[in-house]
file query-v5.txt (compact mmCIF, C-alpha atoms)
# COMPACT_ATOMS: atom_id res chain seq x y z
CA MET Y 780 13.86 -6.23 -2.99
CA PRO Y 781 11.76 -9.14 -1.68
CA VAL Y 782 12.77 -10.58 1.69
CA ASP Y 783 13.02 -14.35 2.13
CA ARG Y 784 10.07 -15.55 4.26
CA ILE Y 785 10.76 -17.86 7.21
CA HIS Y 786 8.48 -19.52 9.75
CA TRP Y 787 8.11 -18.28 13.30
CA ASP Y 788 10.12 -21.13 14.83
CA ALA Y 789 13.07 -20.25 12.59
CA LEU Y 790 13.40 -16.79 14.18
CA PRO Y 791 16.38 -16.38 16.53
CA LEU Y 792 15.40 -17.25 20.08
CA GLY Y 793 16.17 -13.73 21.29
CA ALA Y 794 13.73 -12.23 18.79
CA ARG Y 795 10.98 -14.65 19.80
CA HIS Y 796 11.57 -13.88 23.46
CA ALA Y 797 11.35 -10.14 22.79
CA ALA Y 798 7.99 -10.65 21.09
CA GLU Y 799 6.73 -12.81 23.94
CA GLU Y 800 7.63 -10.06 26.42
CA GLN Y 801 4.89 -8.09 24.63
CA THR Y 802 2.37 -10.89 24.07
CA GLY Y 803 2.93 -13.57 26.67
CA PRO Y 804 3.84 -17.11 25.56
CA ILE Y 805 3.10 -17.75 21.88
CA LEU Y 806 1.44 -21.14 21.59
CA ARG Y 807 1.39 -21.43 17.80
CA ALA Y 808 1.97 -19.37 14.70
CA GLU Y 809 0.64 -19.63 11.14
CA THR Y 810 2.79 -18.16 8.37
CA ALA Y 811 1.01 -15.91 5.87
CA ALA Y 812 1.41 -16.77 2.20
CA ALA Y 813 0.88 -13.27 0.78
CA GLY Y 814 3.38 -10.43 0.68
CA ALA Y 815 7.02 -10.18 -0.29
CA ASN Y 816 8.59 -7.56 1.99
CA SER Y 817 8.49 -9.31 5.37
CA GLY Y 818 10.84 -12.04 6.55
CA ILE Y 819 8.18 -12.96 9.10
CA ALA Y 820 4.45 -12.54 8.56
CA ALA Y 821 2.39 -14.69 10.86
CA THR Y 822 -0.82 -14.93 12.81
CA VAL Y 823 0.26 -15.79 16.34
CA HIS Y 824 -1.86 -17.27 19.10
CA THR Y 825 -1.41 -16.79 22.83
CA ALA Y 826 -3.61 -18.13 25.60
CA ASP Y 827 -5.97 -15.16 25.40
CA SER Y 828 -5.31 -13.30 22.13
CA VAL Y 829 -4.59 -13.58 18.44
CA LEU Y 830 -2.53 -10.96 16.62
CA PHE Y 831 -0.56 -10.44 13.43
CA VAL Y 832 3.23 -10.12 13.60
CA LYS Y 833 5.51 -8.89 10.83
CA GLY Y 834 9.27 -8.78 10.90
CA ALA Y 835 12.42 -8.28 8.87
CA PRO Y 836 16.14 -8.32 9.55
CA ILE Y 837 17.04 -4.89 10.91
CA ASN Y 838 19.20 -4.08 7.88
CA GLN Y 839 16.19 -4.75 5.60
CA ALA Y 840 13.48 -3.20 7.77
CA ARG Y 841 13.26 0.35 6.40
CA MET Y 842 9.79 -0.10 4.88
CA GLN Y 843 8.53 -1.80 8.02
CA GLN Y 844 9.85 1.02 10.17
CA ARG Y 845 7.89 3.46 7.98
CA GLU Y 846 4.77 1.43 8.75
CA ALA Y 847 5.41 1.68 12.48
CA THR Y 848 6.01 5.42 12.29
CA ILE Y 849 2.84 6.26 10.35
CA ASN Y 850 0.46 3.92 12.17
CA PRO Y 851 -0.63 6.27 15.01
CA TYR Y 852 -1.86 8.79 12.41
CA LEU Y 853 -3.93 6.41 10.27
CA PRO Y 854 -7.73 6.37 10.06
CA PRO Y 855 -9.71 4.03 12.35
CA SER Y 856 -10.22 1.36 9.69
CA CYS Y 857 -6.49 0.58 9.59
CA PRO Y 858 -5.13 -2.11 11.94
CA ARG Y 859 -3.62 -0.68 15.12
CA LEU Y 860 0.05 -1.14 15.93
CA LEU Y 861 0.32 -2.83 19.34
CA TRP Y 862 4.10 -2.93 19.78
CA HIS Y 863 7.42 -2.59 17.99
CA VAL Y 864 10.63 -4.25 19.19
CA GLN Y 865 14.15 -4.96 17.94
CA ALA Y 866 16.16 -7.93 19.15
CA ALA Y 867 18.64 -10.52 17.87
CA GLY Y 868 19.06 -8.67 14.58
CA TRP Y 869 15.32 -8.51 13.84
CA ASP Y 870 12.74 -5.72 13.72
CA LEU Y 871 9.30 -7.01 14.77
CA ILE Y 872 5.90 -5.29 14.88
CA GLY Y 873 2.65 -6.60 16.32
CA TYR Y 874 -0.72 -5.53 14.92
CA GLU Y 875 -4.28 -6.12 15.92
CA ARG Y 876 -5.55 -8.94 13.76
CA ILE Y 877 -8.30 -8.28 11.23
CA VAL Y 878 -10.05 -11.40 9.97
CA GLY Y 879 -10.93 -10.55 6.40
CA ARG Y 880 -10.28 -11.35 2.77
CA HIS Y 881 -8.56 -9.44 0.03
CA ALA Y 882 -10.78 -7.02 -1.86
CA ASP Y 883 -12.26 -7.90 -5.24
CA TYR Y 884 -11.78 -5.00 -7.69
CA ALA Y 885 -13.62 -6.64 -10.60
CA PRO Y 886 -16.38 -4.71 -12.41
CA ASP Y 887 -19.65 -4.74 -10.40
CA SER Y 888 -17.89 -6.19 -7.33
CA PRO Y 889 -19.80 -5.45 -4.11
CA ASP Y 890 -16.43 -4.59 -2.57
CA LEU Y 891 -16.00 -1.44 -4.66
CA PRO Y 892 -18.19 0.83 -2.50
CA LEU Y 893 -16.28 -0.37 0.58
CA VAL Y 894 -12.96 0.35 -1.12
CA ALA Y 895 -14.20 3.83 -2.01
CA ASP Y 896 -15.29 4.46 1.58
CA ALA Y 897 -11.87 3.45 2.89
CA LEU Y 898 -10.08 5.76 0.49
CA VAL Y 899 -12.44 8.66 1.21
CA GLU Y 900 -11.74 8.17 4.91
CA LEU Y 901 -8.02 8.34 4.19
CA GLN Y 902 -8.43 11.42 1.98
CA ASN Y 903 -10.12 13.15 4.91
CA THR Y 904 -7.39 12.16 7.39
CA PRO Y 905 -4.96 14.97 8.26
CA CYS Y 906 -1.43 14.42 7.06
CA PRO Y 907 0.80 14.33 10.14
CA ASP Y 908 3.67 16.75 10.62
CA ILE Y 909 6.33 14.05 10.48
CA ASP Y 910 9.07 13.18 8.00
CA LEU Y 911 7.39 11.54 4.99
CA LYS Y 912 8.35 10.90 1.40
CA ARG Y 913 7.07 13.68 -0.85
CA ALA Y 914 5.30 12.72 -4.05
CA GLU Y 915 7.27 15.20 -6.17
CA ASP Y 916 10.49 13.60 -4.90
CA ARG Y 917 9.31 9.98 -5.26
CA TRP Y 918 8.49 10.38 -8.94
CA SER Y 919 11.13 12.96 -9.84
CA GLY Y 920 13.41 10.36 -11.41
CA TYR Y 921 10.68 9.51 -13.93
CA ALA Y 922 9.60 13.05 -14.81
CA GLY Y 923 8.99 14.15 -18.37
CA PRO Y 924 9.39 17.69 -19.77
CA ALA Y 925 6.48 18.95 -17.65
CA GLY Y 926 8.22 17.95 -14.43
CA VAL Y 927 6.45 16.59 -11.36
CA GLU Y 928 6.18 19.69 -9.17
CA GLN Y 929 2.39 19.41 -9.68
CA LEU Y 930 2.42 16.31 -7.45
CA ALA Y 931 3.11 18.41 -4.36
CA GLY Y 932 0.39 18.62 -1.73
CA ASN Y 933 -0.42 17.95 1.89
CA THR Y 934 -2.62 14.85 1.72
CA LEU Y 935 -1.59 11.56 3.34
CA LEU Y 936 -1.28 8.99 0.53
CA HIS Y 937 -1.01 5.20 0.65
CA THR Y 938 0.27 4.84 -2.97
CA ASP Y 939 0.05 1.01 -3.18
CA LEU Y 940 -3.66 0.31 -3.49
CA ALA Y 941 -3.41 -3.25 -4.81
CA PRO Y 942 -6.35 -5.46 -3.79
CA HIS Y 943 -4.15 -7.48 -1.44
CA ASN Y 944 -3.63 -4.25 0.54
CA MET Y 945 -7.38 -3.95 1.20
CA LEU Y 946 -8.83 -6.40 3.71
CA VAL Y 947 -12.61 -6.67 3.59
CA THR Y 948 -14.83 -7.48 6.56
CA ASP Y 949 -18.04 -5.46 6.87
CA ARG Y 950 -15.86 -2.63 5.54
CA ALA Y 951 -12.48 -2.27 3.81
CA HIS Y 952 -9.27 -1.85 5.79
CA LEU Y 953 -6.11 -0.39 4.25
CA ILE Y 954 -3.03 -2.39 5.24
CA ASP Y 955 0.70 -2.53 4.38
CA TRP Y 956 1.79 1.08 4.77
CA ALA Y 957 5.31 0.65 3.42
CA TRP Y 958 5.17 3.80 1.23
CA PRO Y 959 3.26 6.56 3.07
CA THR Y 960 3.68 9.76 1.09
CA ARG Y 961 2.73 13.43 1.29
CA GLY Y 962 1.30 14.79 -1.94
CA ALA Y 963 -1.65 15.88 -4.07
CA ALA Y 964 -4.89 14.22 -3.00
CA TRP Y 965 -5.73 12.94 -6.49
CA ILE Y 966 -2.66 10.68 -6.63
CA ASP Y 967 -4.22 7.80 -4.68
CA PRO Y 968 -7.31 7.72 -6.96
CA ALA Y 969 -4.92 7.67 -9.93
CA VAL Y 970 -3.08 4.73 -8.39
CA LEU Y 971 -6.37 2.94 -7.71
CA ILE Y 972 -7.55 3.42 -11.30
CA LEU Y 973 -4.63 1.35 -12.61
CA ARG Y 974 -5.56 -1.43 -10.22
CA LEU Y 975 -9.17 -1.27 -11.41
CA MET Y 976 -7.91 -1.62 -14.97
CA GLU Y 977 -5.84 -4.61 -13.86
CA ALA Y 978 -9.09 -6.15 -12.58
CA GLY Y 979 -10.85 -5.69 -15.93
CA HIS Y 980 -12.27 -2.15 -15.95
CA PRO Y 981 -11.79 -0.14 -19.16
CA ALA Y 982 -9.90 3.10 -18.55
CA SER Y 983 -13.00 5.20 -19.25
CA THR Y 984 -15.13 3.23 -16.78
CA ALA Y 985 -12.48 3.36 -14.05
CA ASP Y 986 -12.10 7.10 -14.61
CA ALA Y 987 -15.86 7.71 -14.41
CA TRP Y 988 -16.19 5.61 -11.27
CA ALA Y 989 -13.35 7.48 -9.56
CA ARG Y 990 -14.87 10.86 -10.52
CA ALA Y 991 -18.10 9.83 -8.83
CA GLN Y 992 -16.35 8.68 -5.65
CA PHE Y 993 -13.49 11.09 -4.99
CA PRO Y 994 -13.82 14.89 -5.15
CA SER Y 995 -10.05 15.16 -5.41
CA TRP Y 996 -10.12 13.20 -8.65
CA ALA Y 997 -13.13 15.01 -10.09
CA THR Y 998 -11.28 18.33 -9.73
CA ALA Y 999 -7.74 17.17 -10.55
CA PRO Y 1000 -6.00 19.40 -13.12
CA HIS Y 1001 -5.65 17.54 -16.42
CA ALA Y 1002 -2.02 18.61 -16.97
CA SER Y 1003 -0.99 17.53 -13.47
CA VAL Y 1004 -2.56 14.10 -13.90
CA ALA Y 1005 -0.85 13.80 -17.29
CA ALA Y 1006 2.54 14.56 -15.76
CA PHE Y 1007 2.01 11.98 -13.02
CA SER Y 1008 0.62 9.35 -15.39
CA GLU Y 1009 3.61 9.59 -17.70
CA ALA Y 1010 6.06 9.45 -14.79
CA ASN Y 1011 4.21 6.51 -13.27
CA ALA Y 1012 4.30 4.62 -16.58
CA ARG Y 1013 8.08 5.08 -16.68
CA CYS Y 1014 8.26 3.87 -13.08
CA TRP Y 1015 6.36 0.68 -13.97
CA ASP Y 1016 8.63 0.19 -16.97
CA GLU Y 1017 11.63 0.22 -14.64
CA ILE Y 1018 9.96 -2.13 -12.17
CA ALA Y 1019 9.22 -4.62 -14.95
CA ARG Y 1020 12.76 -4.38 -16.36
CA ASN Y 1021 14.31 -5.05 -12.97
CA ASP Y 1022 11.94 -7.91 -12.09
CA PRO Y 1023 10.11 -9.08 -15.22
CA GLN Y 1024 7.24 -10.95 -13.61
CA ASP Y 1025 4.18 -11.17 -15.84
CA TRP Y 1026 1.99 -9.09 -13.54
CA LYS Y 1027 4.56 -6.29 -13.41
CA LYS Y 1028 4.89 -6.23 -17.19
CA HIS Y 1029 1.08 -6.16 -17.40
CA MET Y 1030 0.93 -3.20 -15.02
CA GLY Y 1031 3.45 -1.39 -17.23
CA LEU Y 1032 1.27 -1.94 -20.29
CA LEU Y 1033 -1.82 -0.74 -18.41
CA ALA Y 1034 0.03 2.38 -17.25
CA HIS Y 1035 0.78 3.25 -20.88
CA ASP Y 1036 -2.81 2.44 -21.90
CA TRP Y 1037 -3.95 4.91 -19.27
CA VAL Y 1038 -1.59 7.60 -20.59
CA THR Y 1039 -3.05 7.12 -24.08
CA TYR Y 1040 -6.58 7.40 -22.72
CA TRP Y 1041 -5.79 10.49 -20.64
CA ARG Y 1042 -4.09 12.30 -23.48
CA ALA Y 1043 -7.21 11.75 -25.61
CA GLN Y 1044 -9.34 13.46 -22.97
CA ALA Y 1045 -7.58 16.76 -23.69
CA SER Y 1046 -8.77 16.83 -27.29
call {"tool": "encode", "arguments": {"input": "query-v5.txt", "output": "structure tokens"}}
result
Amino acid sequence: MPVDRIHWDALPLGARHAAEEQTGPILRAETAAAGANSGIAATVHTADSVLFVKGAPINQARMQQREATINPYLPPSCPRLLWHVQAAGWDLIGYERIVGRHADYAPDSPDLPLVADALVELQNTPCPDIDLKRAEDRWSGYAGPAGVEQLAGNTLLHTDLAPHNMLVTDRAHLIDWAWPTRGAAWIDPAVLILRLMEAGHPASTADAWARAQFPSWATAPHASVAAFSEANARCWDEIARNDPQDWKKHMGLLAHDWVTYWRAQAS
């Protein structure tokens, strides 16, 4: 569920003091407009540094705590976690600030090679031996007759590769690690393909591009991808039913379009 966003000055004094014990006095803070899962998301300025701070009430901070846990194991392009504190009922994390813009996934966008590089870097990053969601468990509630055991694997997955989770500078940086997952390497390319379709790529073009970029996708078993695609379409259906925003309904339609395309590839 989305968390109501507040400004820095509305945080309880004890929470602000706990943050300032890590940063020194915070002179000003600018609230971020994007994102829905953080009660606080702000660029904060001290006398000698600028950093990005996220926060949520402790009883709503499970996704944020996942981010803090996975951060030490992420590839170098991802923002570094600087500190993590809890005070006055709030869970706060401070990140190095990356000054960038959200990636453009449109056809022929110059950002696409940078996005591919970031995902290849992640695909080559060892999955840490820590407690993570498993792909076969995450999608088990949406499984069809084929099941989802084929989703098992030992690759570290992001699983939410929307363009607002890629910051572009001279390279792409993967942010917002609320759903780190252990599973088959081809799952993240499958997730990215739907986002490419959202940006205007036909399914066939997105598929061909991903095959050229990601070895895991080029060698993915057709039946395994089919099982995931059908489960993921059911997942998007549920998301859209529970919160029928236009973009969520559109993603559900695209997920079913992809299933239709993928089934045709078997013939």
call {"tool": "residues_around", "arguments": {"input": "query-v5.txt", "residues": "Asp916 (chain Y)", "least_positions_apart": "6", "cutoff": "12 Å", "atoms": "only C-alpha atoms", "output": "VMD selection string"}}
result
chain Y and resid 922 926 to 932 960 to 962 1007 1010
call {"tool": "residues_around", "arguments": {"input": "query-v5.txt", "residues": "region 866-881 of chain Y", "least_positions_apart": "5", "cutoff": "8 Å", "atoms": "all atoms listed in the file", "output": "list in words"}}
result
Pro791, Leu792, Gly793, Ala794, Ala797, Ala798, Thr822, Val829, Leu830, Phe831, Val832, Lys833, Gly834, Ala835, Pro836, Ile837, Ala840, Ala847, Pro858, Arg859, Leu860, Leu861, Pro942, His943, Asn944, Met945, Leu946, Val947 and Thr948 of chain Y
call {"tool": "write_last_selection", "arguments": {"input": "query-v5.txt", "atoms": "C-alpha atoms", "output": "compact mmCIF listing (two decimals), keeping the file's coordinate frame"}}
result
# COMPACT_ATOMS: atom_id res chain seq x y z
CA PRO Y 791 16.38 -16.38 16.53
CA LEU Y 792 15.40 -17.25 20.08
CA GLY Y 793 16.17 -13.73 21.29
CA ALA Y 794 13.73 -12.23 18.79
CA ALA Y 797 11.35 -10.14 22.79
CA ALA Y 798 7.99 -10.65 21.09
CA THR Y 822 -0.82 -14.93 12.81
CA VAL Y 829 -4.59 -13.58 18.44
CA LEU Y 830 -2.53 -10.96 16.62
CA PHE Y 831 -0.56 -10.44 13.43
CA VAL Y 832 3.23 -10.12 13.60
CA LYS Y 833 5.51 -8.89 10.83
CA GLY Y 834 9.27 -8.78 10.90
CA ALA Y 835 12.42 -8.28 8.87
CA PRO Y 836 16.14 -8.32 9.55
CA ILE Y 837 17.04 -4.89 10.91
CA ALA Y 840 13.48 -3.20 7.77
CA ALA Y 847 5.41 1.68 12.48
CA PRO Y 858 -5.13 -2.11 11.94
CA ARG Y 859 -3.62 -0.68 15.12
CA LEU Y 860 0.05 -1.14 15.93
CA LEU Y 861 0.32 -2.83 19.34
CA PRO Y 942 -6.35 -5.46 -3.79
CA HIS Y 943 -4.15 -7.48 -1.44
CA ASN Y 944 -3.63 -4.25 0.54
CA MET Y 945 -7.38 -3.95 1.20
CA LEU Y 946 -8.83 -6.40 3.71
CA VAL Y 947 -12.61 -6.67 3.59
CA THR Y 948 -14.83 -7.48 6.56
call {"tool": "closest_residue", "arguments": {"input": "query-v5.txt", "among": "Y:Gln801, Y:Gln844, Y:Ser817, Y:Ser856", "to": "Asp949 (chain Y)", "atoms": "all atoms listed in the file"}}
result
Y:Ser856
call {"tool": "residues_around", "arguments": {"input": "query-v5.txt", "residues": "Ala997 (chain Y)", "least_positions_apart": "5", "cutoff": "9 Å", "atoms": "all atoms listed in the file", "output": "PDB file with C-alpha atoms, keeping the file's coordinate frame"}}
result
ATOM      1  CA  TRP Y 965      -5.730  12.940  -6.490  1.00  0.00           C
ATOM      2  CA  ALA Y 987     -15.860   7.710 -14.410  1.00  0.00           C
ATOM      3  CA  ALA Y 989     -13.350   7.480  -9.560  1.00  0.00           C
ATOM      4  CA  ARG Y 990     -14.870  10.860 -10.520  1.00  0.00           C
ATOM      5  CA  ALA Y 991     -18.100   9.830  -8.830  1.00  0.00           C
ATOM      6  CA  GLN Y 992     -16.350   8.680  -5.650  1.00  0.00           C
TER       7      GLN Y 992
END
call {"tool": "atom_distance", "arguments": {"input": "query-v5.txt", "atom1": "CA of Arg974 (chain Y)", "atom2": "CA of Asp986 (chain Y)"}}
result
11.6 Å
call {"tool": "closest_residue", "arguments": {"input": "query-v5.txt", "among": "Y:Thr825, Y:Thr938, Y:Gln1044, Y:Ser995", "to": "Ala808 (chain Y)", "atoms": "all atoms listed in the file"}}
result
Y:Thr825
call {"tool": "residues_near_point", "arguments": {"input": "query-v5.txt", "point": "(-11.9, 5.8, 1.1)", "cutoff": "12 Å", "atoms": "all atoms listed in the file", "output": "PyMOL selection string"}}
result
chain Y and resi 854-857+890-904+936-937+940+945+950-953+964+967-968+971+989+992-995
call {"tool": "closest_residue", "arguments": {"input": "query-v5.txt", "among": "Y:Pro851, Y:His863, Y:Arg1042, Y:Leu975", "to": "Ala882 (chain Y)", "atoms": "only C-alpha atoms"}}
result
Y:Leu975
